[in-house]
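S.K.: Contents of data16.txt (compact mmCIF, C-alpha atoms and all ligand atoms) are given next:
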```txt
# COMPACT_ATOMS: atom_id res chain seq x y z
CA MET A 1 157.14 74.92 133.16
CA THR A 2 154.42 72.61 134.48
CA PRO A 3 150.87 73.92 135.06
CA GLU A 4 151.37 73.23 138.79
CA LYS A 5 154.44 75.49 138.94
CA VAL A 6 152.68 78.20 136.94
CA LYS A 7 149.83 78.16 139.44
CA LEU A 8 152.19 78.32 142.43
CA VAL A 9 153.92 81.38 140.98
CA GLN A 10 150.68 83.10 140.00
CA ASP A 11 148.97 82.48 143.34
CA SER A 12 152.00 83.62 145.34
CA PHE A 13 152.44 86.74 143.20
CA LYS A 14 148.83 87.73 143.99
CA LYS A 15 149.84 87.85 147.65
CA VAL A 16 152.86 90.06 146.93
CA ALA A 17 151.02 92.42 144.54
CA PRO A 18 149.25 94.41 147.30
CA ILE A 19 152.60 95.12 148.96
CA ALA A 20 154.39 95.83 145.65
CA PRO A 21 155.97 99.15 146.77
CA GLN A 22 157.41 97.56 149.93
CA ALA A 23 158.50 94.50 147.95
CA ALA A 24 160.33 96.74 145.46
CA ASP A 25 162.05 98.48 148.38
CA ILE A 26 163.17 95.19 149.87
CA PHE A 27 164.35 94.04 146.43
CA TYR A 28 166.55 97.03 145.61
CA THR A 29 167.90 97.40 149.15
CA ARG A 30 168.97 93.77 149.05
CA LEU A 31 170.32 93.99 145.50
CA PHE A 32 172.50 97.02 146.27
CA GLU A 33 173.74 95.27 149.44
CA ILE A 34 174.87 92.10 147.67
CA ALA A 35 175.93 93.75 144.39
CA PRO A 36 176.93 97.36 145.12
CA ASP A 37 178.66 97.61 141.75
CA VAL A 38 175.27 97.70 139.96
CA ARG A 39 174.00 100.78 141.86
CA PRO A 40 175.47 103.34 139.40
CA MET A 41 173.54 101.70 136.54
CA PHE A 42 170.28 102.82 138.12
CA PRO A 43 168.94 106.37 138.42
CA ASP A 44 169.35 108.22 141.73
CA ASP A 45 165.58 108.42 141.98
CA MET A 46 164.38 104.81 141.91
CA SER A 47 160.61 105.44 142.05
CA GLY A 48 159.95 104.93 138.31
CA GLN A 49 162.23 101.91 138.17
CA LYS A 50 160.29 100.17 140.92
CA ASP A 51 157.02 100.44 138.99
CA LYS A 52 158.71 99.11 135.87
CA LEU A 53 160.17 96.05 137.55
CA MET A 54 156.96 95.11 139.36
CA GLY A 55 154.95 95.80 136.19
CA MET A 56 157.15 93.53 134.13
CA LEU A 57 157.02 90.80 136.74
CA ALA A 58 153.22 91.10 136.83
CA THR A 59 153.05 90.73 133.04
CA ALA A 60 155.40 87.77 133.07
CA VAL A 61 153.58 86.03 135.88
CA THR A 62 150.12 86.62 134.40
CA ASN A 63 151.21 85.15 131.08
CA LEU A 64 153.31 82.24 132.31
CA HIS A 65 150.75 79.72 131.06
CA GLN A 66 151.16 81.16 127.54
CA VAL A 67 154.84 82.02 127.75
CA ASP A 68 155.21 82.13 123.94
CA THR A 69 153.23 85.37 123.88
CA ILE A 70 155.75 87.27 126.03
CA ILE A 71 159.00 85.89 124.57
CA PRO A 72 159.44 88.69 121.98
CA ALA A 73 158.96 91.33 124.71
CA VAL A 74 161.40 89.53 127.03
CA GLN A 75 163.96 89.28 124.19
CA GLU A 76 163.59 93.00 123.56
CA LEU A 77 164.07 93.63 127.28
CA GLY A 78 167.26 91.52 127.21
CA ARG A 79 168.63 93.57 124.30
CA LYS A 80 167.74 96.83 126.08
CA HIS A 81 169.64 95.65 129.15
CA VAL A 82 172.87 95.45 127.12
CA GLY A 83 172.52 99.22 126.69
CA TYR A 84 172.15 99.64 130.48
CA GLY A 85 175.55 97.95 130.89
CA VAL A 86 174.08 94.69 132.22
CA LYS A 87 176.28 91.60 131.86
CA ASP A 88 175.25 87.96 132.19
CA ALA A 89 176.90 87.73 135.63
CA HIS A 90 174.54 90.41 137.00
CA TYR A 91 171.53 88.12 136.64
CA LYS A 92 172.66 86.01 139.60
CA PRO A 93 172.48 88.71 142.32
CA VAL A 94 169.24 90.03 140.79
CA GLY A 95 167.73 86.53 141.02
CA GLU A 96 168.96 86.20 144.59
CA ALA A 97 167.44 89.57 145.54
CA LEU A 98 164.14 88.49 143.98
CA ILE A 99 164.02 85.21 145.92
CA TYR A 100 164.98 87.05 149.13
CA THR A 101 162.16 89.55 148.54
CA LEU A 102 159.60 86.80 148.02
CA GLU A 103 160.80 85.02 151.14
CA LYS A 104 160.34 88.22 153.19
CA GLY A 105 157.04 89.13 151.52
CA LEU A 106 155.39 85.71 151.66
CA GLY A 107 156.69 84.38 154.96
CA ASP A 108 155.34 80.88 155.62
CA ASP A 109 153.65 80.83 152.21
CA PHE A 110 157.09 80.72 150.61
CA THR A 111 157.27 76.92 150.68
CA PRO A 112 160.10 74.98 148.99
CA GLU A 113 157.70 74.24 146.09
CA VAL A 114 156.84 77.94 145.64
CA LYS A 115 160.54 78.79 145.78
CA GLU A 116 161.41 76.20 143.15
CA ALA A 117 158.63 77.46 140.88
CA TRP A 118 159.96 81.04 141.16
CA VAL A 119 163.54 79.92 140.50
CA THR A 120 162.30 78.21 137.32
CA THR A 121 160.41 81.37 136.31
CA TYR A 122 163.37 83.66 136.86
CA THR A 123 165.78 81.26 135.15
CA THR A 124 163.46 81.12 132.13
CA LEU A 125 163.33 84.94 131.88
CA GLN A 126 167.08 85.17 132.40
CA ASN A 127 167.83 82.60 129.69
CA VAL A 128 165.64 84.37 127.14
CA MET A 129 167.12 87.79 128.04
CA THR A 130 170.79 86.72 127.99
CA ALA A 131 170.36 84.76 124.72
CA ALA A 132 168.87 87.85 123.06
CA ALA A 133 171.63 89.99 124.61
CA SER A 134 174.37 87.78 123.19
CA ASP A 135 172.89 88.30 119.70
CA VAL A 136 173.37 92.05 120.18
CA ALA A 137 176.96 91.65 121.34
CA ALA A 138 177.92 89.02 118.75
CA PRO A 139 178.22 90.99 115.47
CA ALA A 140 180.97 93.30 116.74
CA ALA A 141 182.84 90.48 118.43
CA LYS A 142 182.70 88.34 115.28
CA LYS A 143 184.22 91.08 113.11
CA GLY A 144 187.65 90.29 111.72
CA PHE A 145 190.78 92.26 112.52
CA LEU A 146 190.54 94.60 109.52
CA ALA A 147 186.84 95.20 110.03
CA ARG A 148 187.51 96.10 113.66
CA MET A 149 190.28 98.49 112.63
CA PHE A 150 188.58 100.10 109.66
CA GLY A 151 184.97 98.89 109.60
C1 LIG B 201 164.49 88.68 134.73
C2 LIG B 201 165.29 89.69 134.93
C3 LIG B 201 164.94 91.16 134.75
C4 LIG B 201 163.74 91.77 134.51
C5 LIG B 201 162.36 91.13 134.38
C6 LIG B 201 164.00 93.20 134.39
C7 LIG B 201 163.05 94.17 134.12
C8 LIG B 201 163.33 95.48 133.78
C9 LIG B 201 162.40 96.43 133.22
C10 LIG B 201 160.94 96.12 132.90
C11 LIG B 201 163.06 97.60 133.02
C12 LIG B 201 162.51 98.87 132.40
C13 LIG B 201 162.82 98.85 130.93
C14 LIG B 201 162.29 100.00 130.18
O1 LIG B 201 162.43 101.14 130.65
O2 LIG B 201 161.77 99.79 129.09
C15 LIG B 201 164.42 97.40 133.48
C16 LIG B 201 165.41 98.38 133.47
C17 LIG B 201 166.65 98.19 134.01
N1 LIG B 201 167.16 97.03 134.52
FE1 LIG B 201 166.26 95.25 134.54
N2 LIG B 201 165.34 93.42 134.58
C18 LIG B 201 165.94 92.20 134.81
C19 LIG B 201 167.28 91.99 135.06
C20 LIG B 201 168.19 92.99 135.31
C21 LIG B 201 169.56 92.76 135.72
C22 LIG B 201 170.22 91.41 135.92
C23 LIG B 201 170.13 93.99 135.89
C24 LIG B 201 171.54 94.23 136.36
C25 LIG B 201 171.82 94.92 137.41
C26 LIG B 201 169.12 94.99 135.55
C27 LIG B 201 169.30 96.36 135.54
C28 LIG B 201 168.44 97.27 134.97
C29 LIG B 201 168.78 98.68 134.73
C30 LIG B 201 170.10 99.35 135.09
C31 LIG B 201 167.65 99.26 134.14
C32 LIG B 201 167.50 100.72 133.68
C33 LIG B 201 167.25 101.63 134.83
C34 LIG B 201 166.84 103.01 134.37
O3 LIG B 201 167.69 103.71 133.85
O4 LIG B 201 165.68 103.34 134.54
N3 LIG B 201 167.96 94.34 135.21
N4 LIG B 201 164.55 96.11 133.93
```
Can you dump the structure from the file as structure tokens?

M.R.:
Amino acid sequence: MTPEKVKLVQDSFKKVAPIAPQAADIFYTRLFEIAPDVRPMFPDDMSGQKDKLMGMLATAVTNLHQVDTIIPAVQELGRKHVGYGVKDAHYKPVGEALIYTLEKGLGDDFTPEVKEAWVTTYTTLQNVMTAAASDVAAPAAKKGFLARMFG
């Protein structure tokens, strides 16, 4: 992640932060439109979830220039997501809903450069989360036949 991209993401996030509740609404409405199968994973009452997502994004964005400091927390988040039933394939619609939300929230400020910087940011988070998630899934899958039967 280049310093230029980091700055583009941080500056654009500052513009979305004041409309965080609306942005979260746009995000989840879009997500459940394009990936209705994920709706049951979330609670009926989404209010707490919205704060969590925006809070995590804020932390990630604020610390992008020192990404090493948030990697353990992002790995932990990836492992937690396995417990929510999240599979690698779900990251695509979530990323799409995020980009859609930024496009709506930022309007003309969502230039191709800003978009590319956000795609890089999301892809980085996704890669760290799914790598950590595959470590959780791996031990059971690697077990031999007898261990699976009797272990
Ligand atoms: C970069 C990608 C993502 C980020 C930053 C993120 C962030 C978060 C955060 C911060 C939480 C709250 C965790 C906690 O309570 O400790 C959460 C929960 C959750 N996330 Fe994600 N998430 C991401 C991707 C996904 C994907 C791809 C899915 C799949 C649909 C997903 C589904 C969920 C679900 C179902 C919960 C739990 C909801 C609940 O019971 O409250 N997330 N996420």

S.K.: Please identify the residues whose atoms come within 6 Å of ligand LIG 201 (chain B), using only C-alpha atoms and all ligand atoms, and report them as a short mmCIF file (atom, residue, chain, number, x, y, z; two decimals) with C-alpha atoms, in the coordinates of the input.

M.R.:
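The result, written out as part.cif:
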```cif
data_model
loop_
_atom_site.label_atom_id
_atom_site.label_comp_id
_atom_site.auth_asym_id
_atom_site.auth_seq_id
_atom_site.Cartn_x
_atom_site.Cartn_y
_atom_site.Cartn_z
CA VAL A 38 175.27 97.70 139.96
CA MET A 41 173.54 101.70 136.54
CA PHE A 42 170.28 102.82 138.12
CA PRO A 43 168.94 106.37 138.42
CA GLN A 49 162.23 101.91 138.17
CA LYS A 52 158.71 99.11 135.87
CA LEU A 53 160.17 96.05 137.55
CA MET A 56 157.15 93.53 134.13
CA LEU A 57 157.02 90.80 136.74
CA TYR A 84 172.15 99.64 130.48
CA VAL A 86 174.08 94.69 132.22
CA HIS A 90 174.54 90.41 137.00
CA TYR A 91 171.53 88.12 136.64
CA VAL A 94 169.24 90.03 140.79
CA TYR A 122 163.37 83.66 136.86
CA LEU A 125 163.33 84.94 131.88
CA GLN A 126 167.08 85.17 132.40
#
```

S.K.: So how far away is CA of Leu77 in chain A from CA of Leu64 in chain A, in Å?

M.R.: 16.5 Å

S.K.: Report, in Å to a single decimal, how far apart CA of Tyr100 in chain A and CA of Pro112 in chain A are.

M.R.: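 Interatomic distance here is 13.0 Å.
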
S.K.: Output as lines of an AutoDock Vina configuration file the centre and edge lengths (Å, one decimal) of the box along x, y and z of the file that holds every listed atom of range 124-132 of chain A after adding 6 Å on each side.

M.R.:
```
center_x = 167.1
center_y = 84.5
center_z = 127.7
size_x = 19.5
size_y = 18.7
size_z = 21.3
```

S.K.: Is there a way to get, as a ChimeraX atom specification, all residues within 12 Å of the point (153.2, 95.4, 145.7) in file coordinates, counting only C-alpha atoms?

M.R.: /A:12-27,50-55,57-58,101-102,105-106

S.K.: Residues at most 12 Å from Pro3 in chain A, counting only C-alpha atoms, excluding those fewer than 5 positions away in the same chain, as a VMD selection string?

M.R.: chain A and resid 8 to 10 63 to 67 117

S.K.: Please produce an output containing C-alpha atoms for each residue in the selection, written as a PDB file, in the frame of the given file.

M.R.:
```
ATOM      1  CA  LEU A   8     152.190  78.320 142.430  1.00  0.00           C
ATOM      2  CA  VAL A   9     153.920  81.380 140.980  1.00  0.00           C
ATOM      3  CA  GLN A  10     150.680  83.100 140.000  1.00  0.00           C
ATOM      4  CA  ASN A  63     151.210  85.150 131.080  1.00  0.00           C
ATOM      5  CA  LEU A  64     153.310  82.240 132.310  1.00  0.00           C
ATOM      6  CA  HIS A  65     150.750  79.720 131.060  1.00  0.00           C
ATOM      7  CA  GLN A  66     151.160  81.160 127.540  1.00  0.00           C
ATOM      8  CA  VAL A  67     154.840  82.020 127.750  1.00  0.00           C
ATOM      9  CA  ALA A 117     158.630  77.460 140.880  1.00  0.00           C
TER      10      ALA A 117
END
```

S.K.: Restore N, CA and C atoms in range 55-80 of chain A and list the result as a compact mmCIF listing (two decimals), keeping the file's coordinate frame.

M.R.:
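Resulting contents of selection-v9.txt:
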```txt
# COMPACT_ATOMS: atom_id res chain seq x y z
N GLY A 55 155.85 95.91 137.33
CA GLY A 55 154.95 95.80 136.19
C GLY A 55 155.35 94.68 135.25
N MET A 56 156.65 94.59 135.01
CA MET A 56 157.15 93.53 134.13
C MET A 56 156.94 92.16 134.76
N LEU A 57 157.22 92.08 136.06
CA LEU A 57 157.02 90.80 136.74
C LEU A 57 155.54 90.40 136.68
N ALA A 58 154.66 91.38 136.87
CA ALA A 58 153.22 91.10 136.83
C ALA A 58 152.83 90.56 135.45
N THR A 59 153.36 91.19 134.40
CA THR A 59 153.05 90.73 133.04
C THR A 59 153.56 89.31 132.83
N ALA A 60 154.80 89.09 133.26
CA ALA A 60 155.40 87.77 133.07
C ALA A 60 154.60 86.70 133.81
N VAL A 61 154.27 87.02 135.05
CA VAL A 61 153.58 86.03 135.88
C VAL A 61 152.17 85.74 135.34
N THR A 62 151.48 86.79 134.92
CA THR A 62 150.12 86.62 134.40
C THR A 62 150.11 85.76 133.14
N ASN A 63 151.19 85.86 132.37
CA ASN A 63 151.21 85.15 131.08
C ASN A 63 152.06 83.89 131.07
N LEU A 64 152.43 83.41 132.26
CA LEU A 64 153.31 82.24 132.31
C LEU A 64 152.72 81.02 131.59
N HIS A 65 151.39 80.89 131.67
CA HIS A 65 150.75 79.72 131.06
C HIS A 65 150.76 79.81 129.53
N GLN A 66 151.05 81.02 129.00
CA GLN A 66 151.16 81.16 127.54
C GLN A 66 152.45 81.93 127.25
N VAL A 67 153.56 81.33 127.73
CA VAL A 67 154.84 82.02 127.75
C VAL A 67 155.29 82.48 126.35
N ASP A 68 154.84 81.75 125.32
CA ASP A 68 155.21 82.13 123.94
C ASP A 68 154.83 83.57 123.62
N THR A 69 153.72 84.04 124.22
CA THR A 69 153.23 85.37 123.88
C THR A 69 154.14 86.48 124.42
N ILE A 70 154.91 86.19 125.48
CA ILE A 70 155.75 87.27 126.03
C ILE A 70 157.21 87.16 125.60
N ILE A 71 157.58 86.07 124.93
CA ILE A 71 159.00 85.89 124.57
C ILE A 71 159.57 87.07 123.76
N PRO A 72 158.86 87.55 122.72
CA PRO A 72 159.44 88.69 121.98
C PRO A 72 159.69 89.90 122.88
N ALA A 73 158.79 90.17 123.81
CA ALA A 73 158.96 91.33 124.71
C ALA A 73 160.14 91.09 125.66
N VAL A 74 160.30 89.86 126.12
CA VAL A 74 161.40 89.53 127.03
C VAL A 74 162.74 89.61 126.27
N GLN A 75 162.74 89.17 125.00
CA GLN A 75 163.96 89.28 124.19
C GLN A 75 164.35 90.75 124.01
N GLU A 76 163.34 91.56 123.74
CA GLU A 76 163.59 93.00 123.56
C GLU A 76 164.16 93.61 124.85
N LEU A 77 163.60 93.16 125.97
CA LEU A 77 164.07 93.63 127.28
C LEU A 77 165.53 93.23 127.49
N GLY A 78 165.88 92.01 127.09
CA GLY A 78 167.26 91.52 127.21
C GLY A 78 168.21 92.38 126.38
N ARG A 79 167.78 92.73 125.16
CA ARG A 79 168.63 93.57 124.30
C ARG A 79 168.78 94.97 124.89
N LYS A 80 167.68 95.51 125.44
CA LYS A 80 167.74 96.83 126.08
C LYS A 80 168.73 96.83 127.23
```
